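This is final-v2.txt (compact mmCIF, C-alpha atoms (C1' of nucleotides)).
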# COMPACT_ATOMS: atom_id res chain seq x y z
CA MET A 2 114.04 36.57 35.56
CA ILE A 3 117.19 37.91 33.91
CA ARG A 4 116.70 41.63 33.98
CA VAL A 5 118.54 44.11 31.82
CA ASN A 6 118.40 47.87 31.36
CA LYS A 7 120.10 49.01 28.22
CA ALA A 8 119.02 52.64 28.46
CA PHE A 9 120.53 53.06 31.90
CA LEU A 10 123.77 51.36 30.98
CA GLU A 11 124.19 53.64 28.01
CA TYR A 12 123.63 56.69 30.12
CA ILE A 13 126.21 55.57 32.66
CA VAL A 14 128.73 54.92 29.91
CA LYS A 15 128.12 58.41 28.62
CA LEU A 16 128.48 59.92 32.10
CA LYS A 17 131.70 58.03 32.68
CA SER A 18 133.17 59.29 29.41
CA GLN A 19 132.58 62.85 30.61
CA ASP A 20 133.72 62.14 34.13
CA SER A 21 137.08 63.86 34.49
CA THR A 22 137.29 63.28 38.25
CA HIS A 23 136.92 59.53 37.90
CA THR A 24 134.04 59.28 40.29
CA ILE A 25 132.54 56.38 38.40
CA ILE A 26 134.85 53.42 38.56
CA GLU A 27 134.78 50.10 36.82
CA GLN A 28 135.31 46.92 38.77
CA GLU A 29 135.46 43.17 38.31
CA ALA A 30 134.03 40.42 40.46
CA PRO A 31 135.02 36.80 39.87
CA LYS A 32 132.36 34.11 39.83
CA GLY A 33 131.02 33.50 43.31
CA GLU A 34 132.01 36.85 44.79
CA LYS A 35 129.44 38.66 46.90
CA ILE A 36 129.42 42.20 45.61
CA ILE A 37 126.98 43.28 48.29
CA THR A 38 126.25 41.32 51.46
CA GLN A 39 122.90 41.29 53.20
CA ARG A 40 122.60 43.49 56.29
CA THR A 41 125.72 45.54 55.66
CA VAL A 42 126.18 49.22 54.92
CA VAL A 43 126.05 50.13 51.24
CA PHE A 44 128.38 52.85 50.03
CA HIS A 45 127.88 52.66 46.30
CA VAL A 46 125.29 52.27 43.64
CA SER A 47 126.37 49.66 41.11
CA ILE A 48 125.44 48.94 37.51
CA VAL A 49 126.19 45.66 35.80
CA LYS A 50 128.27 46.20 32.69
CA GLU A 51 128.69 42.57 31.79
CA GLY A 52 127.99 39.18 33.32
CA LEU A 53 125.23 37.70 35.43
CA ALA A 54 124.53 38.11 39.14
CA LYS A 55 121.88 36.86 41.49
CA CYS A 56 120.07 39.04 43.98
CA TYR A 57 118.84 37.03 46.94
CA LEU A 58 117.80 37.14 50.57
CA THR A 59 118.84 34.52 53.09
CA GLU A 60 116.28 33.75 55.76
CA ASP A 61 116.88 32.58 59.32
CA THR A 62 115.63 29.20 58.17
CA GLY A 63 118.69 29.00 55.94
CA ASN A 64 116.61 29.25 52.79
CA ASP A 65 117.59 31.57 50.00
CA PHE A 66 114.93 33.56 48.22
CA ILE A 67 116.08 34.71 44.82
CA GLN A 68 114.64 38.08 44.00
CA GLU A 69 116.04 38.44 40.51
CA PHE A 70 118.93 37.70 38.22
CA PHE A 71 120.74 40.80 37.03
CA GLY A 72 122.22 41.19 33.58
CA ALA A 73 123.69 44.18 31.73
CA GLY A 74 122.43 47.56 32.90
CA GLU A 75 120.71 46.38 36.04
CA VAL A 76 121.24 48.54 39.07
CA PHE A 77 121.66 47.56 42.69
CA GLY A 78 122.42 49.36 45.91
CA GLU A 79 120.25 52.28 44.84
CA LEU A 80 117.45 51.58 47.30
CA GLU A 81 119.75 51.91 50.25
CA MET A 82 120.72 55.39 49.12
CA PHE A 83 117.13 56.46 49.69
CA THR A 84 115.98 54.31 52.57
CA GLU A 85 119.17 54.80 54.58
CA GLU A 86 119.00 51.22 55.73
CA LEU A 87 121.32 48.24 55.53
CA SER A 88 121.38 46.15 52.41
CA PHE A 89 118.36 43.88 52.39
CA CYS A 90 119.85 41.40 49.95
CA THR A 91 123.05 39.82 48.75
CA ILE A 92 124.36 40.33 45.23
CA GLU A 93 126.52 37.46 44.07
CA ALA A 94 128.28 36.95 40.75
CA LEU A 95 127.09 33.86 38.88
CA THR A 96 129.58 34.48 36.10
CA PRO A 97 132.52 36.90 36.20
CA VAL A 98 130.88 40.31 36.46
CA THR A 99 132.12 43.71 35.36
CA TYR A 100 130.28 46.61 36.94
CA TYR A 101 130.36 50.34 37.44
CA LYS A 102 130.33 51.86 40.90
CA ILE A 103 129.07 55.31 41.85
CA PRO A 104 129.74 56.56 45.39
CA LYS A 105 126.70 57.54 47.40
CA LYS A 106 127.52 61.23 47.42
CA ALA A 107 128.01 61.37 43.67
CA PHE A 108 124.84 59.39 43.10
CA LEU A 109 122.75 61.73 45.21
CA ALA A 110 124.33 64.71 43.48
CA LEU A 111 123.33 63.28 40.12
CA ILE A 112 119.79 62.77 41.36
CA GLN A 113 119.65 66.42 42.33
CA ASN A 114 121.42 67.98 39.38
CA ASP A 115 120.81 65.75 36.43
CA ALA A 116 117.13 65.64 35.56
CA LYS A 117 117.57 62.93 32.99
CA PHE A 118 119.47 60.75 35.44
CA ASN A 119 116.79 61.34 38.02
CA ALA A 120 114.11 60.34 35.52
CA LEU A 121 115.96 57.15 34.63
CA VAL A 122 116.22 56.16 38.29
CA LEU A 123 112.55 56.84 38.88
CA LYS A 124 111.65 54.76 35.88
CA LEU A 125 113.98 51.96 36.87
CA MET A 126 112.49 51.70 40.34
CA ALA A 127 108.96 51.85 38.98
CA SER A 128 109.82 48.98 36.65
CA LYS A 129 111.24 46.93 39.48
CA ILE A 130 108.05 47.29 41.48
CA ARG A 131 105.87 46.48 38.53
CA TYR A 132 107.92 43.55 37.38
CA THR A 133 108.21 41.83 40.73
CA ALA A 134 104.53 42.31 41.45
CA LEU A 135 103.61 40.73 38.13
CA ARG A 136 106.00 37.87 38.65
CA HIS A 137 104.93 37.01 42.18
CA SER A 138 101.34 37.25 41.20
CA TYR A 139 101.83 34.90 38.28
CA ASN A 140 103.91 32.50 40.31
CA GLN A 141 101.46 32.33 43.09
CA SER A 142 98.38 31.68 41.05
CA HIS A 143 99.75 29.25 38.52
CA SER A 144 100.92 25.69 38.81
CA LEU A 145 104.58 24.81 38.93
CA GLU A 146 104.17 23.33 35.49
CA ALA A 147 102.85 26.61 34.08
CA ASN A 148 105.56 28.65 35.79
CA LEU A 149 108.25 26.44 34.40
CA LYS A 150 106.79 26.52 30.93
CA ARG A 151 106.71 30.30 30.98
CA LEU A 152 110.25 30.52 32.26
CA LEU A 153 111.75 28.14 29.72
CA ASN A 154 109.80 29.83 27.00
CA GLU A 155 111.34 33.16 27.80
CA PHE A 156 114.83 31.83 28.55
CA PRO A 157 115.34 28.63 26.56
CA ASP A 158 118.86 27.94 27.76
CA LEU A 159 118.31 28.94 31.33
CA LEU A 160 119.31 25.49 32.54
CA HIS A 161 122.76 25.93 31.10
CA GLU A 162 123.28 29.42 32.48
CA ILE A 163 122.01 29.09 36.02
CA PRO A 164 122.45 26.27 38.57
CA LYS A 165 119.28 24.32 39.26
CA ASN A 166 119.42 25.14 42.88
CA ASP A 167 119.14 28.82 42.04
CA ILE A 168 116.30 28.27 39.63
CA ALA A 169 114.46 26.31 42.30
CA ASN A 170 114.99 29.10 44.82
CA TYR A 171 113.74 31.59 42.30
CA LEU A 172 110.57 29.59 41.83
CA GLY A 173 110.22 29.05 45.56
CA ILE A 174 110.44 25.27 45.42
CA THR A 175 113.01 22.58 46.19
CA THR A 176 115.40 21.15 43.62
CA ARG A 177 113.57 17.87 43.94
CA SER A 178 110.33 19.41 42.80
CA LEU A 179 112.04 21.23 39.97
CA ASN A 180 113.56 17.99 38.76
CA ARG A 181 110.26 16.20 38.88
CA ALA A 182 108.59 18.95 36.91
CA LEU A 183 111.37 18.97 34.34
CA LYS A 184 111.18 15.23 33.90
CA ALA A 185 107.42 15.38 33.46
CA ARG A 186 107.90 18.02 30.76
CA ASN A 187 110.26 15.81 28.78
CA GLU A 188 107.77 13.00 28.78
CA PHE A 189 104.97 15.21 27.54
CA MET B 7 100.57 44.36 55.28
CA ILE B 8 98.77 47.61 56.02
CA ARG B 9 101.14 50.22 54.73
CA VAL B 10 101.09 53.86 55.73
CA ASN B 11 103.23 56.88 54.89
CA LYS B 12 102.70 59.72 57.27
CA ALA B 13 105.50 61.90 55.91
CA PHE B 14 104.13 61.88 52.39
CA LEU B 15 100.57 62.55 53.50
CA GLU B 16 101.73 65.56 55.47
CA TYR B 17 103.60 66.91 52.51
CA ILE B 18 100.57 66.55 50.25
CA VAL B 19 98.37 68.32 52.78
CA LYS B 20 100.87 71.15 52.86
CA LEU B 21 101.01 71.33 49.07
CA LYS B 22 97.24 71.38 48.84
CA SER B 23 96.99 74.23 51.31
CA GLN B 24 99.23 76.30 49.04
CA ASP B 25 97.56 75.14 45.87
CA SER B 26 95.57 78.13 44.63
CA THR B 27 94.73 76.51 41.28
CA HIS B 28 93.10 73.49 42.91
CA THR B 29 95.18 70.97 41.06
CA ILE B 30 95.11 68.57 43.97
CA ILE B 31 91.59 67.43 44.58
CA GLU B 32 90.06 65.40 47.36
CA GLN B 33 87.74 62.55 46.55
CA GLU B 34 85.69 59.85 48.23
CA ALA B 35 85.24 56.22 47.30
CA PRO B 36 82.55 54.12 48.99
CA LYS B 37 83.39 50.64 50.21
CA GLY B 38 83.87 48.27 47.30
CA GLU B 39 84.64 50.91 44.67
CA LYS B 40 87.53 50.25 42.35
CA ILE B 41 89.54 53.43 42.36
CA ILE B 42 91.90 52.08 39.73
CA THR B 43 91.18 49.08 37.50
CA GLN B 44 93.81 46.69 36.24
CA ARG B 45 94.90 47.23 32.65
CA THR B 46 93.41 50.66 32.22
CA VAL B 47 95.04 54.03 31.61
CA VAL B 48 95.98 55.92 34.75
CA PHE B 49 95.58 59.68 34.71
CA HIS B 50 96.29 60.53 38.32
CA VAL B 51 98.53 59.75 41.21
CA SER B 52 96.49 59.16 44.36
CA ILE B 53 97.26 59.33 48.05
CA VAL B 54 95.06 57.75 50.70
CA LYS B 55 93.90 60.33 53.21
CA GLU B 56 91.71 58.04 55.24
CA GLY B 57 90.39 54.51 55.02
CA LEU B 58 91.72 51.19 53.83
CA ALA B 59 92.16 49.87 50.30
CA LYS B 60 93.51 46.70 48.80
CA CYS B 61 95.93 46.60 45.91
CA TYR B 62 95.61 43.37 43.94
CA LEU B 63 96.18 41.67 40.62
CA THR B 64 93.66 39.34 39.05
CA GLU B 65 95.18 36.49 37.05
CA ASP B 66 93.70 34.69 34.08
CA THR B 67 93.08 31.78 36.43
CA GLY B 68 90.60 33.99 38.26
CA ASN B 69 92.80 34.16 41.33
CA ASP B 70 93.49 37.42 43.06
CA PHE B 71 96.96 38.17 44.32
CA ILE B 72 96.93 40.84 46.99
CA GLN B 73 99.99 42.98 46.76
CA GLU B 74 99.36 45.18 49.76
CA PHE B 75 96.77 46.91 51.86
CA PHE B 76 96.99 50.68 51.74
CA GLY B 77 96.29 52.94 54.69
CA ALA B 78 96.81 56.67 55.25
CA GLY B 79 99.54 58.23 53.15
CA GLU B 80 100.05 55.33 50.77
CA VAL B 81 100.45 56.29 47.17
CA PHE B 82 99.18 54.51 44.08
CA GLY B 83 99.17 55.19 40.38
CA GLU B 84 102.66 56.69 40.61
CA LEU B 85 104.41 53.83 38.82
CA GLU B 86 102.34 54.31 35.71
CA MET B 87 103.47 57.93 35.50
CA PHE B 88 107.01 56.67 34.95
CA THR B 89 106.55 53.40 33.11
CA GLU B 90 103.92 54.81 30.72
CA GLU B 91 102.05 51.53 30.89
CA LEU B 92 98.56 50.50 31.85
CA SER B 93 97.73 49.95 35.47
CA PHE B 94 99.07 46.58 36.57
CA CYS B 95 96.76 46.30 39.54
CA THR B 96 93.35 47.16 40.87
CA ILE B 97 92.87 49.43 43.86
CA GLU B 98 89.66 48.74 45.70
CA ALA B 99 88.24 50.40 48.80
CA LEU B 100 87.79 48.00 51.71
CA THR B 101 86.29 50.73 53.84
CA PRO B 102 85.08 54.13 52.64
CA VAL B 103 88.23 55.84 51.41
CA THR B 104 89.08 59.51 51.16
CA TYR B 105 92.00 60.27 48.89
CA TYR B 106 93.86 63.04 47.14
CA LYS B 107 94.33 63.03 43.40
CA ILE B 108 97.12 64.73 41.46
CA PRO B 109 96.85 64.85 37.65
CA LYS B 110 99.74 63.33 35.74
CA LYS B 111 100.99 66.64 34.40
CA ALA B 112 101.03 68.28 37.80
CA PHE B 113 102.71 65.26 39.35
CA LEU B 114 105.50 65.25 36.79
CA ALA B 115 105.91 68.99 37.23
CA LEU B 116 106.33 68.50 40.97
CA ILE B 117 108.92 65.82 40.34
CA GLN B 118 110.88 68.25 38.21
CA ASN B 119 110.50 71.40 40.24
CA ASP B 120 110.12 70.34 43.83
CA ALA B 121 113.26 68.60 45.06
CA LYS B 122 111.71 67.60 48.34
CA PHE B 123 108.73 66.06 46.60
CA ASN B 124 111.05 64.23 44.25
CA ALA B 125 113.03 62.89 47.19
CA LEU B 126 109.88 61.70 48.93
CA VAL B 127 108.76 59.83 45.82
CA LEU B 128 112.16 58.20 45.41
CA LYS B 129 112.11 57.13 49.01
CA LEU B 130 108.56 55.84 48.79
CA MET B 131 109.35 53.67 45.79
CA ALA B 132 112.54 52.38 47.36
CA SER B 133 110.54 51.40 50.44
CA LYS B 134 107.96 49.59 48.35
CA ILE B 135 110.65 47.51 46.67
CA ARG B 136 112.37 46.72 49.92
CA TYR B 137 109.22 45.91 51.79
CA THR B 138 107.73 43.60 49.21
CA ALA B 139 111.01 41.76 48.75
CA LEU B 140 111.28 41.18 52.49
CA ARG B 141 107.71 40.03 52.73
CA HIS B 142 107.81 37.61 49.82
CA SER B 143 111.07 36.22 51.01
CA TYR B 144 109.71 35.64 54.49
CA ASN B 145 106.47 34.19 53.20
CA GLN B 146 108.18 31.81 50.89
CA SER B 147 110.62 30.35 53.34
CA HIS B 148 108.44 30.04 56.39
CA SER B 149 105.53 27.81 57.21
CA LEU B 150 101.99 29.04 57.05
CA GLU B 151 101.90 28.83 60.81
CA ALA B 152 104.89 31.15 61.13
CA ASN B 153 103.52 33.59 58.57
CA LEU B 154 100.22 33.79 60.34
CA LYS B 155 101.84 34.25 63.71
CA ARG B 156 103.91 37.11 62.38
CA LEU B 157 100.92 38.75 60.75
CA LEU B 158 98.64 38.54 63.76
CA ASN B 159 101.45 39.74 65.95
CA GLU B 160 101.82 42.88 63.92
CA PHE B 161 98.12 43.43 63.31
CA PRO B 162 96.20 41.90 66.20
CA ASP B 163 92.75 42.81 64.96
CA LEU B 164 93.38 42.07 61.33
CA LEU B 165 90.60 39.51 61.28
CA HIS B 166 88.07 42.17 62.13
CA GLU B 167 89.33 44.68 59.60
CA ILE B 168 89.87 42.55 56.53
CA PRO B 169 87.77 39.71 55.04
CA LYS B 170 89.33 36.29 55.39
CA ASN B 171 89.28 35.76 51.69
CA ASP B 172 91.54 38.78 51.27
CA ILE B 173 93.90 37.68 54.00
CA ALA B 174 94.17 34.27 52.34
CA ASN B 175 94.93 35.89 49.01
CA TYR B 176 97.54 38.04 50.65
CA LEU B 177 99.22 34.96 52.09
CA GLY B 178 98.85 33.10 48.82
CA ILE B 179 96.71 30.31 50.21
CA THR B 180 93.07 29.28 50.12
CA THR B 181 90.54 30.27 52.72
CA ARG B 182 90.32 26.63 53.70
CA SER B 183 93.99 26.55 54.63
CA LEU B 184 93.74 29.82 56.48
CA ASN B 185 90.84 28.50 58.53
CA ARG B 186 92.68 25.33 59.38
CA ALA B 187 95.72 27.28 60.51
CA LEU B 188 93.62 29.63 62.59
CA LYS B 189 91.84 26.76 64.26
CA ALA B 190 95.12 25.06 65.06
CA ARG B 191 96.35 28.29 66.66
CA ASN B 192 93.36 28.52 68.97
CA GLU B 193 93.98 25.04 70.20
CA PHE B 194 97.63 25.69 70.98
C1' DC C 29 62.04 37.76 57.45
C1' DG C 30 64.75 36.62 53.51
C1' DC C 31 68.54 37.38 50.62
C1' DG C 32 73.32 37.43 49.46
C1' DT C 33 77.88 37.41 51.08
C1' DA C 34 81.27 35.59 54.18
C1' DA C 35 82.82 31.92 57.15
C1' DT C 36 83.34 27.03 58.59
C1' DT C 37 84.21 22.28 58.18
C1' DG C 38 85.11 17.28 56.54
C1' DA C 39 86.92 14.04 53.25
C1' DA C 40 89.47 12.90 49.32
C1' DA C 41 92.80 14.22 45.86
C1' DA C 42 96.79 16.56 44.39
C1' DG C 43 101.04 18.71 45.09
C1' DT C 44 105.55 19.38 47.63
C1' DA C 45 108.99 18.58 50.95
C1' DT C 46 112.12 15.56 53.17
C1' DC C 47 115.51 12.25 53.30
C1' DA C 48 118.77 9.33 51.63
C1' DA C 49 121.18 7.07 48.08
C1' DC C 50 123.53 7.31 43.84
C1' DA C 51 125.50 9.34 39.21
C1' DC C 52 128.08 12.69 36.71
C1' DT C 53 131.67 16.15 36.01
C1' DG C 54 135.98 18.61 36.15
C1' DG C 55 139.99 19.38 38.57
C1' DT C 56 143.99 17.76 41.71
C1' DG C 57 147.72 15.19 43.11
C1' DG C 58 150.10 10.73 43.61
C1' DC D 7 146.94 7.43 34.04
C1' DC D 8 144.09 6.68 37.68
C1' DA D 9 142.13 7.53 42.35
C1' DC D 10 139.94 10.85 44.80
C1' DC D 11 137.26 14.83 45.92
C1' DA D 12 133.83 18.46 45.87
C1' DG D 13 130.16 20.33 43.72
C1' DT D 14 126.13 19.58 41.06
C1' DG D 15 122.51 16.91 39.38
C1' DT D 16 119.12 12.80 39.65
C1' DT D 17 115.86 9.75 41.57
C1' DG D 18 112.61 6.84 44.60
C1' DA D 19 109.83 6.32 48.71
C1' DT D 20 107.39 8.35 52.26
C1' DA D 21 105.36 11.91 55.05
C1' DC D 22 103.33 16.11 55.18
C1' DT D 23 100.73 20.22 53.53
C1' DT D 24 97.52 22.39 50.73
C1' DT D 25 93.84 22.36 47.43
C1' DT D 26 89.50 21.01 45.80
C1' DC D 27 84.86 20.17 46.29
C1' DA D 28 80.73 20.26 48.49
C1' DA D 29 77.73 20.96 52.23
C1' DT D 30 76.32 23.91 56.08
C1' DT D 31 76.14 27.68 59.07
C1' DA D 32 76.55 32.60 60.52
C1' DC D 33 75.92 37.38 59.67
C1' DG D 34 74.48 42.08 58.02
C1' DC D 35 71.08 44.62 55.99
C1' DG D 36 67.05 46.29 53.31
Can you give me the file's structure in the form of structure tokens?
Amino acid sequence: MIRVNKAFLEYIVKLKSQDSTHTIIEQEAPKGEKIITQRTVVFHVSIVKEGLAKCYLTEDTGNDFIQEFFGAGEVFGELEMFTEELSFCTIEALTPVTYYKIPKKAFLALIQNDAKFNALVLKLMASKIRYTALRHSYNQSHSLEANLKRLLNEFPDLLHEIPKNDIANYLGITTRSLNRALKARNEF
Amino acid sequence: MIRVNKAFLEYIVKLKSQDSTHTIIEQEAPKGEKIITQRTVVFHVSIVKEGLAKCYLTEDTGNDFIQEFFGAGEVFGELEMFTEELSFCTIEALTPVTYYKIPKKAFLALIQNDAKFNALVLKLMASKIRYTALRHSYNQSHSLEANLKRLLNEFPDLLHEIPKNDIANYLGITTRSLNRALKARNEF
DNA sequence: CGCGTAATTGAAAAGTATCAACACTGGTGG
DNA sequence: CCACCAGTGTTGATACTTTTCAATTACGCG
């Protein structure tokens, strides 16, 4: 759901403090801004410093599929550095977002020359794979009721932080169904 | 669906040919064998040399969620080397499978000392993330009919290679629904 | 042949989407 | 201060899709 990566954020902050050439820059995105747009070239790897963003894919049907919500320390744009393909998703700020940007060249240099950085990236990608597999598996084999229960258990004030439409897209259902499920919950 | 990774397989074959200490070993799994079992400790990274395996998660509901089907060159067990957690999925041979095994220690040494190997692993994980995101997104926002059409388009003789129950689990539906959809297709 | 596994099918029940109408909120401008 | 607007949230009725359950049938193999 809302993913964070404290260890990585700390490492980036440390790198930036030692970065005399100002390769790593800090940037702000107001609420609603698309930091990365689907099917465009990606030039930087980004790390959320503060705020909340959604990572989603828009299908030809017009539906949005929300992959994850990114909080502090989450990284995006890194896949495209390795696959050499266009961005496969859009990253959009749900709240004002502050983030760090590392240019492609500098990122790849870090991968090559900084073993600890390399290890962190490997771990971060491994976690992404693991986490999404577990989530999709759970989602697919449990009822909407169970999925919702789990979600609200883990993030009690989710409904105040994220629009319902986005929550519905995350769960792969319509807002109507989400509302029905929520109402049923309140009537236990 | 059926994933392959020719580049990685070739690199492993090359490594093995230079491997005087026999760290990389070749192994066989008969049809039906579980090469890795969910929630157990993983000691090796494996690469499919030949054959077909399914990668799936079993939920407490008893349902299986099929993550992917692995063909030649696909790698498994690598995530656990980085996350230090138990296996999150089961790998089971659908046909007799021949595969290479690299012990954890040797794998991590390669990551550290062999830049090309490291790059291949980074790329492989990036591809896994990208591919699964695209697939789940497509699956979620298209009808069963469209999903099936796409699948059979890409893998025309899927129905002969993989049991229907597994295909249904891959699509996240029951066998009953799969059969109905298949019948409807034949009646165009 | 006989056994177990996989595949097929119908009917009823359950779950979700679709559509359309309406309510609530915060901000804007007359 | 109020009317208006856009965006977000809520709800009911209906149609559609998928699951569930149970009963058969087909197939591969010792």
Against chain A, which residues of chain C fall within 10 Å? For each one I want the closest pair of atoms and the distance in Å (one decimal), counting all atoms listed in the file, rows by chain and increasing residue number, as a Markdown table.
| residue | atom | partner | partner_atom | distance |
| --- | --- | --- | --- | --- |
| C:DG43 | C1' | A:Leu145 | CA | 9.4 |
| C:DT44 | C1' | A:Ser178 | CA | 6.8 |
| C:DA45 | C1' | A:Thr175 | CA | 7.4 |
| C:DT46 | C1' | A:Arg177 | CA | 9.6 |
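Distances to Leu152 of chain A were evaluated for A:Phe66, A:Leu183, A:Leu123, A:Ser128 using only C-alpha atoms, and the minimum falls at A:Leu183.
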task: Write down, as a VMD selection string, each residue of chain B that has any atom within 6 Å of an atom of chain A, counting all atoms listed in the file.
output: chain B and resid 71 85 88 to 89 129 132 135 143
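Within 12 Å of chain B, and counting all atoms listed in the file, chain D contributes DT23, DT24, DT25, DT26 and DC27 of chain D.
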- prompt: What separation in Å, quoted to one decimal, exists between atom CA of Ile25 of chain A and atom CA of Phe108 of chain A?
  reply: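 These two atoms are separated by 9.5 Å.
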Give me, as a PDB file with C-alpha atoms (C1' of nucleotides), in the frame of the given file, all polymer residues having an atom no more than 12 Å from segment 157-161 of chain A, counting only C-alpha atoms (C1' of nucleotides) and skipping those fewer than 3 positions away in the same chain.
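Just written: selection-v5.pdb:
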ATOM      1  CA  MET A   2     114.040  36.570  35.560  1.00  0.00           C
ATOM      2  CA  ILE A   3     117.190  37.910  33.910  1.00  0.00           C
ATOM      3  CA  LEU A  53     125.230  37.700  35.430  1.00  0.00           C
ATOM      4  CA  PHE A  70     118.930  37.700  38.220  1.00  0.00           C
ATOM      5  CA  LEU A  95     127.090  33.860  38.880  1.00  0.00           C
ATOM      6  CA  LEU A 149     108.250  26.440  34.400  1.00  0.00           C
ATOM      7  CA  LYS A 150     106.790  26.520  30.930  1.00  0.00           C
ATOM      8  CA  ARG A 151     106.710  30.300  30.980  1.00  0.00           C
ATOM      9  CA  LEU A 152     110.250  30.520  32.260  1.00  0.00           C
ATOM     10  CA  LEU A 153     111.750  28.140  29.720  1.00  0.00           C
ATOM     11  CA  ASN A 154     109.800  29.830  27.000  1.00  0.00           C
ATOM     12  CA  PRO A 164     122.450  26.270  38.570  1.00  0.00           C
ATOM     13  CA  LYS A 165     119.280  24.320  39.260  1.00  0.00           C
ATOM     14  CA  ASN A 166     119.420  25.140  42.880  1.00  0.00           C
ATOM     15  CA  ASP A 167     119.140  28.820  42.040  1.00  0.00           C
ATOM     16  CA  ILE A 168     116.300  28.270  39.630  1.00  0.00           C
ATOM     17  CA  ALA A 169     114.460  26.310  42.300  1.00  0.00           C
ATOM     18  CA  LEU A 179     112.040  21.230  39.970  1.00  0.00           C
ATOM     19  CA  ASN A 180     113.560  17.990  38.760  1.00  0.00           C
ATOM     20  CA  LEU A 183     111.370  18.970  34.340  1.00  0.00           C
TER      21      LEU A 183
ATOM     22  C1'  DG D  15     122.510  16.910  39.380  1.00  0.00           C
TER      23       DG D  15
END
So that I can check the surroundings of DA49 of chain C, please list as a CSV table (one decimal) with C-alpha atoms (C1' of nucleotides), keeping the file's coordinate frame every protein, DNA and RNA residue that reaches within 12 Å of it, counting all atoms listed in the file and ignoring chain neighbours fewer than 6 positions away.
chain,number,residue,atom,x,y,z
D,16,DT,C1',119.1,12.8,39.6
D,17,DT,C1',115.9,9.8,41.6
D,18,DG,C1',112.6,6.8,44.6
D,19,DA,C1',109.8,6.3,48.7
task: Scan for residues within 7 Å of the point (95.7, 61.4, 53.2) in the coordinates of the file, using all atoms listed in the file, and reply as a PyMOL selection string.
output: chain B and resi 15+53-56+78-79+105-106
